[in-house]
Amino acid sequence: MAAHPTHGTVAAGHERAADAAALMLAAGGNAFDAIIAAGFASAVCEPGFTSLAGGGFLLARTAAGTDTLFDFFVDTPGLGRPPESADPVFEEVRVSFAAAEQTFHCGPGSVAVPGVLAGYLHVHRKLGRLPLGQVVAPAIELAHGGVEVSATQAGDFMLLEPILERTPGSRAIFFPYGTLLGVGDTLHNHDLAAYLSELGAHPDATFYAGEQAERLAAQLHAGGGLLTTDDLAAYRVIEREPLRFAYRDRRLLTNPPPTFGGALLGLALARIDAAGPAPAAGSPAHALLLVRTMAEVDRDRTAGHPDVVAALRGDLADDPLDRPQVSRGTTHVTVADAEGNVAAMTTSNGECSGDVIDGTGIPCNNMLGEDDLHPDGFHAAPPGLRVASMMSPTFVLDPAGQVELALGSGGSKRIRSALLQVLTSVIDHGTDLQAAVLAPRIHWDADHIEAEPGLDPVVLAALEQEHRVNQWPEPSMYFGGVHAVAPGRAGAGDPRRGGAVRTV
């Protein structure tokens, strides 16, 4: 593969987000301008998955060969909060997927310190070259003119309806005519358009300081939230050295500790590598190897196995298994330009709290509302702690050290199983990238296998001989959404989460 592709490629979770990124590339911007433009646009067209008040990670490779993981995930709130303060307001909502059910929590008490806006501004300031006003322009146009609700977003809105209808601010966005927006309806967010217009002209005017911070903290405090102005003032984007590991004859770069996803993905690949040559593509042996590896890593993580602790610890002095972690309602964007810059970015708003920052059109996250937030229970972590995540933006480097593949996924605990299957399919079997993304997926869930339709009956029978299998009636966003780019060669969008590809 050439070190510098002759064109740029975008893979995103929505057609309009992909368009925003492509527009930046066509205007002379680089991959970082493009991916941040896509992020802002996604806040408009994928509001079920992401928000400027959510959290995320961006893995960057510059044309000069510098690799950086930008951590702008959420922090636990409560700095400067009086100890005698009232308990946070916290509501439980049960959501039914096609073949599984999950419990979510929402309300002001579920809102963690947001990082996405800070992250976008930080990356743009450091690596972008187009004016911020130009980068946010596609998002402003979408928010003002409206964006057609996609099937993916409509399905997510239906799942989250009890949360989205919680407050007047949220109903104004998602129930503009009294009923929940559906496929083909037009979503407008005029408040967000106005906010982004002001931001484009004054990048320092954010909700992290000054009057905006005071209003946000007061709004959430009045509803029973934990967020304070001290939390917002203390928030920082963290630049980390990516986690690096070998698989076959490749090197992989991914999200390092204190997150969980990258390390667990690396551990799974290491165990598959140690098992010897890859079984034949699509064979029962290959499926069983994947499931056994997923189950082993999951069980060993729960039990605090030394291999897992070592993988997660990295350079941290703390115990990684005690660090709070979250990741649901997520989207991903990957961009490679013609200059050799590559970026992979995963962001999330959880399921949203149902609260919208007054006057901005920005939905708040509910990152404190995840069942797996902390082994000691909800709100047990001290304030000011960077929360861990399963998000794993990842690069595969060829033997010459060039980015051969860049990818990531949404999907909570299914992120690492989705990436594991795509990576082994492409690296071990040479599968076409889009075919690898489209292939039916499996996922180990505690004591059984979740399986999409389309598996070879022989493979399915082999799996059923070892474990209970819950067969889904159709492919689902439950199994993630892998949006991937092979720089200069191909892009792949995952239809499970609205995948779209653009070449410039």
# chains A, B, ... in the order shown; residues from 1 in each chain; ligands from 1
call {"tool": "residues_around", "arguments": {"residues": "Gly493 (chain A)", "least_positions_apart": "4", "cutoff": "6 Å", "atoms": "only C-alpha atoms", "output": "PyMOL selection string"}}
result
chain A and resi 11+483+499-501
call {"tool": "residues_around", "arguments": {"residues": "Val437 (chain A)", "least_positions_apart": "3", "cutoff": "9 Å", "atoms": "only C-alpha atoms", "output": "PDB file with N, CA, C and O atoms, in the first residue's frame"}}
result
ATOM      1  N   ALA A 418     -17.328  -6.991  18.043  1.00  0.00           N
ATOM      2  CA  ALA A 418     -17.495  -6.581  16.645  1.00  0.00           C
ATOM      3  C   ALA A 418     -16.143  -6.340  15.987  1.00  0.00           C
ATOM      4  O   ALA A 418     -15.882  -6.802  14.868  1.00  0.00           O
ATOM      5  N   GLN A 421     -14.138  -9.592  15.323  1.00  0.00           N
ATOM      6  CA  GLN A 421     -14.581 -10.364  14.160  1.00  0.00           C
ATOM      7  C   GLN A 421     -14.164  -9.715  12.842  1.00  0.00           C
ATOM      8  O   GLN A 421     -13.747 -10.398  11.907  1.00  0.00           O
ATOM      9  N   VAL A 422     -14.264  -8.393  12.765  1.00  0.00           N
ATOM     10  CA  VAL A 422     -13.852  -7.725  11.531  1.00  0.00           C
ATOM     11  C   VAL A 422     -12.340  -7.836  11.354  1.00  0.00           C
ATOM     12  O   VAL A 422     -11.849  -8.129  10.250  1.00  0.00           O
ATOM     13  N   ASP A 432     -12.734  -9.092   1.953  1.00  0.00           N
ATOM     14  CA  ASP A 432     -13.051  -7.731   1.530  1.00  0.00           C
ATOM     15  C   ASP A 432     -13.610  -6.962   2.721  1.00  0.00           C
ATOM     16  O   ASP A 432     -14.404  -7.483   3.507  1.00  0.00           O
ATOM     17  N   LEU A 433     -13.209  -5.693   2.868  1.00  0.00           N
ATOM     18  CA  LEU A 433     -13.549  -4.926   4.059  1.00  0.00           C
ATOM     19  C   LEU A 433     -15.054  -4.803   4.258  1.00  0.00           C
ATOM     20  O   LEU A 433     -15.567  -5.042   5.363  1.00  0.00           O
ATOM     21  N   GLN A 434     -15.785  -4.433   3.221  1.00  0.00           N
ATOM     22  CA  GLN A 434     -17.227  -4.291   3.376  1.00  0.00           C
ATOM     23  C   GLN A 434     -17.877  -5.637   3.693  1.00  0.00           C
ATOM     24  O   GLN A 434     -18.794  -5.713   4.524  1.00  0.00           O
ATOM     25  N   PRO A 440     -22.569 -11.761   9.408  1.00  0.00           N
ATOM     26  CA  PRO A 440     -23.323 -11.914  10.658  1.00  0.00           C
ATOM     27  C   PRO A 440     -22.387 -12.077  11.850  1.00  0.00           C
ATOM     28  O   PRO A 440     -21.349 -12.729  11.754  1.00  0.00           O
ATOM     29  N   GLY A 481     -21.514  -1.143  15.278  1.00  0.00           N
ATOM     30  CA  GLY A 481     -21.564  -0.461  13.995  1.00  0.00           C
ATOM     31  C   GLY A 481     -20.153  -0.094  13.590  1.00  0.00           C
ATOM     32  O   GLY A 481     -19.644   0.961  13.963  1.00  0.00           O
ATOM     33  N   VAL A 482     -19.489  -0.968  12.857  1.00  0.00           N
ATOM     34  CA  VAL A 482     -18.076  -0.791  12.502  1.00  0.00           C
ATOM     35  C   VAL A 482     -17.965   0.042  11.227  1.00  0.00           C
ATOM     36  O   VAL A 482     -18.377  -0.402  10.158  1.00  0.00           O
ATOM     37  N   HIS A 483     -17.408   1.237  11.352  1.00  0.00           N
ATOM     38  CA  HIS A 483     -17.164   2.104  10.206  1.00  0.00           C
ATOM     39  C   HIS A 483     -15.651   2.175  10.005  1.00  0.00           C
ATOM     40  O   HIS A 483     -14.927   2.639  10.893  1.00  0.00           O
ATOM     41  N   ALA A 484     -15.179   1.699   8.858  1.00  0.00           N
ATOM     42  CA  ALA A 484     -13.753   1.440   8.672  1.00  0.00           C
ATOM     43  C   ALA A 484     -13.251   2.012   7.360  1.00  0.00           C
ATOM     44  O   ALA A 484     -13.995   2.125   6.386  1.00  0.00           O
ATOM     45  N   ALA A 492     -15.781   1.218   4.477  1.00  0.00           N
ATOM     46  CA  ALA A 492     -16.916   0.345   4.765  1.00  0.00           C
ATOM     47  C   ALA A 492     -17.769   0.987   5.846  1.00  0.00           C
ATOM     48  O   ALA A 492     -17.270   1.370   6.903  1.00  0.00           O
ATOM     49  N   GLY A 493     -19.054   1.117   5.557  1.00  0.00           N
ATOM     50  CA  GLY A 493     -20.015   1.607   6.534  1.00  0.00           C
ATOM     51  C   GLY A 493     -20.913   0.479   6.980  1.00  0.00           C
ATOM     52  O   GLY A 493     -21.332  -0.351   6.169  1.00  0.00           O
ATOM     53  N   ASP A 494     -21.205   0.434   8.262  1.00  0.00           N
ATOM     54  CA  ASP A 494     -22.009  -0.649   8.822  1.00  0.00           C
ATOM     55  C   ASP A 494     -23.482  -0.259   8.820  1.00  0.00           C
ATOM     56  O   ASP A 494     -23.886   0.675   9.516  1.00  0.00           O
ATOM     57  N   PRO A 495     -24.323  -0.966   8.049  1.00  0.00           N
ATOM     58  CA  PRO A 495     -25.745  -0.618   7.994  1.00  0.00           C
ATOM     59  C   PRO A 495     -26.463  -0.811   9.316  1.00  0.00           C
ATOM     60  O   PRO A 495     -27.563  -0.270   9.500  1.00  0.00           O
TER      61      PRO A 495
END
call {"tool": "select_by_dssp", "arguments": {"residues": "region 23-116 of chain A", "states": "strand (DSSP E)", "output": "list of chain:residue names"}}
result
A:Gly55, A:Gly56, A:Phe57, A:Leu58, A:Leu59, A:Ala60, A:Arg61, A:Asp67, A:Thr68, A:Leu69, A:Phe70, A:Asp71, A:Phe72, A:Glu91, A:Glu92, A:Val93, A:Arg94, A:Val95, A:Ser96, A:Glu101, A:Gln102, A:Thr103, A:Phe104, A:His105, A:Cys106
call {"tool": "closest_residue", "arguments": {"among": "A:Ser283, A:Thr179, A:Thr62, A:Ser417", "to": "Val458 (chain A)", "atoms": "only C-alpha atoms"}}
result
A:Ser283
call {"tool": "closest_atom_pairs", "arguments": {"of": "region 38-95 of chain A", "to": "region 243-261 of chain A", "cutoff": "12 Å", "atoms": "only C-alpha atoms", "output": "Markdown table"}}
result
| residue | atom | partner | partner_atom | distance |
| --- | --- | --- | --- | --- |
| A:Gly56 | CA | A:Asn255 | CA | 10.8 |
| A:Phe57 | CA | A:Asn255 | CA | 7.9 |
| A:Leu58 | CA | A:Asn255 | CA | 8.7 |
| A:Leu59 | CA | A:Thr254 | CA | 7.3 |
| A:Ala60 | CA | A:Leu253 | CA | 10.0 |
| A:Arg61 | CA | A:Leu253 | CA | 10.0 |
| A:Thr66 | CA | A:Leu253 | CA | 12.0 |
| A:Asp67 | CA | A:Leu253 | CA | 8.7 |
| A:Thr68 | CA | A:Asn255 | CA | 9.7 |
| A:Leu69 | CA | A:Asn255 | CA | 6.7 |
| A:Phe70 | CA | A:Asn255 | CA | 9.1 |
| A:Asp71 | CA | A:Asn255 | CA | 8.7 |
| A:Phe72 | CA | A:Thr259 | CA | 11.6 |
| A:Phe73 | CA | A:Thr259 | CA | 9.6 |
| A:Val74 | CA | A:Thr259 | CA | 11.6 |
call {"tool": "closest_residue", "arguments": {"among": "A:Cys45, A:Ala154, A:Ala205, A:Leu227", "to": "Pro138 (chain A)", "atoms": "only C-alpha atoms"}}
result
A:Cys45
call {"tool": "atom_distance", "arguments": {"atom1": "CA of Phe49 (chain A)", "atom2": "CA of Met477 (chain A)"}}
result
11.2 Å
call {"tool": "residues_around", "arguments": {"residues": "Leu419 (chain A)", "least_positions_apart": "3", "cutoff": "9 Å", "atoms": "only C-alpha atoms", "output": "JSON, numbers by chain"}}
result
{"A": [265, 392, 394, 407, 408, 409, 414, 415, 416, 422, 423, 424, 480, 482]}
call {"tool": "closest_residue", "arguments": {"among": "A:Leu289, A:Gly430, A:Glu404, A:Gly369", "to": "Arg271 (chain A)", "atoms": "only C-alpha atoms"}}
result
A:Leu289
call {"tool": "closest_residue", "arguments": {"among": "A:Thr431, A:Pro399, A:Leu192, A:Thr360", "to": "Ala280 (chain A)", "atoms": "only C-alpha atoms"}}
result
A:Thr431
call {"tool": "residues_around", "arguments": {"residues": "Pro363 (chain A)", "least_positions_apart": "5", "cutoff": "12 Å", "atoms": "only C-alpha atoms", "output": "VMD selection string"}}
result
chain A and resid 43 to 44 46 to 54 106 to 108 111 114 116 163 to 164 166 to 174 189 191 to 192 216 348 to 358
call {"tool": "atom_distance", "arguments": {"atom1": "CA of Gln134 (chain A)", "atom2": "CA of Gly491 (chain A)"}}
result
24.9 Å
call {"tool": "atom_distance", "arguments": {"atom1": "CA of His188 (chain A)", "atom2": "CA of Leu159 (chain A)"}}
result
20.2 Å
call {"tool": "select_by_dssp", "arguments": {"residues": "region 253-483 of chain A", "states": "alpha helix (DSSP H)", "output": "NGL selection string"}}
result
:A and (261-274 or 284-303 or 306-313 or 414-429 or 433-438 or 457-466)
call {"tool": "residues_around", "arguments": {"residues": "Arg468 (chain A)", "least_positions_apart": "4", "cutoff": "10 Å", "atoms": "only C-alpha atoms", "output": "ChimeraX atom specification"}}
result
/A:447-450,463-464
call {"tool": "residues_around", "arguments": {"residues": "Ala336 (chain A)", "least_positions_apart": "2", "cutoff": "6 Å", "atoms": "only C-alpha atoms", "output": "list of chain:residue names"}}
result
A:Gly8, A:Thr9, A:Ala31, A:Asn341, A:Val342, A:Pro487
call {"tool": "write_last_selection", "arguments": {"atoms": "N, CA and C atoms", "output": "CSV table (one decimal), in the first residue's frame"}}
result
chain,number,residue,atom,x,y,z
A,8,GLY,N,-9.0,10.8,-0.4
A,8,GLY,CA,-9.4,10.7,0.9
A,8,GLY,C,-10.7,9.9,1.0
A,9,THR,N,-10.9,9.2,2.2
A,9,THR,CA,-12.0,8.3,2.4
A,9,THR,C,-12.6,8.6,3.7
A,31,ALA,N,-7.6,15.4,7.4
A,31,ALA,CA,-8.5,14.4,8.0
A,31,ALA,C,-9.1,14.9,9.4
A,341,ASN,N,-2.7,11.6,6.7
A,341,ASN,CA,-3.3,11.8,8.0
A,341,ASN,C,-4.5,10.8,8.1
A,342,VAL,N,-4.6,10.2,9.3
A,342,VAL,CA,-5.7,9.2,9.5
A,342,VAL,C,-6.3,9.5,10.9
A,487,PRO,N,-6.9,3.1,4.1
A,487,PRO,CA,-6.5,4.4,3.3
A,487,PRO,C,-6.1,4.1,1.9
call {"tool": "closest_residue", "arguments": {"among": "A:Leu25, A:Ala118, A:Val396, A:Leu438", "to": "Ile238 (chain A)", "atoms": "only C-alpha atoms"}}
result
A:Ala118
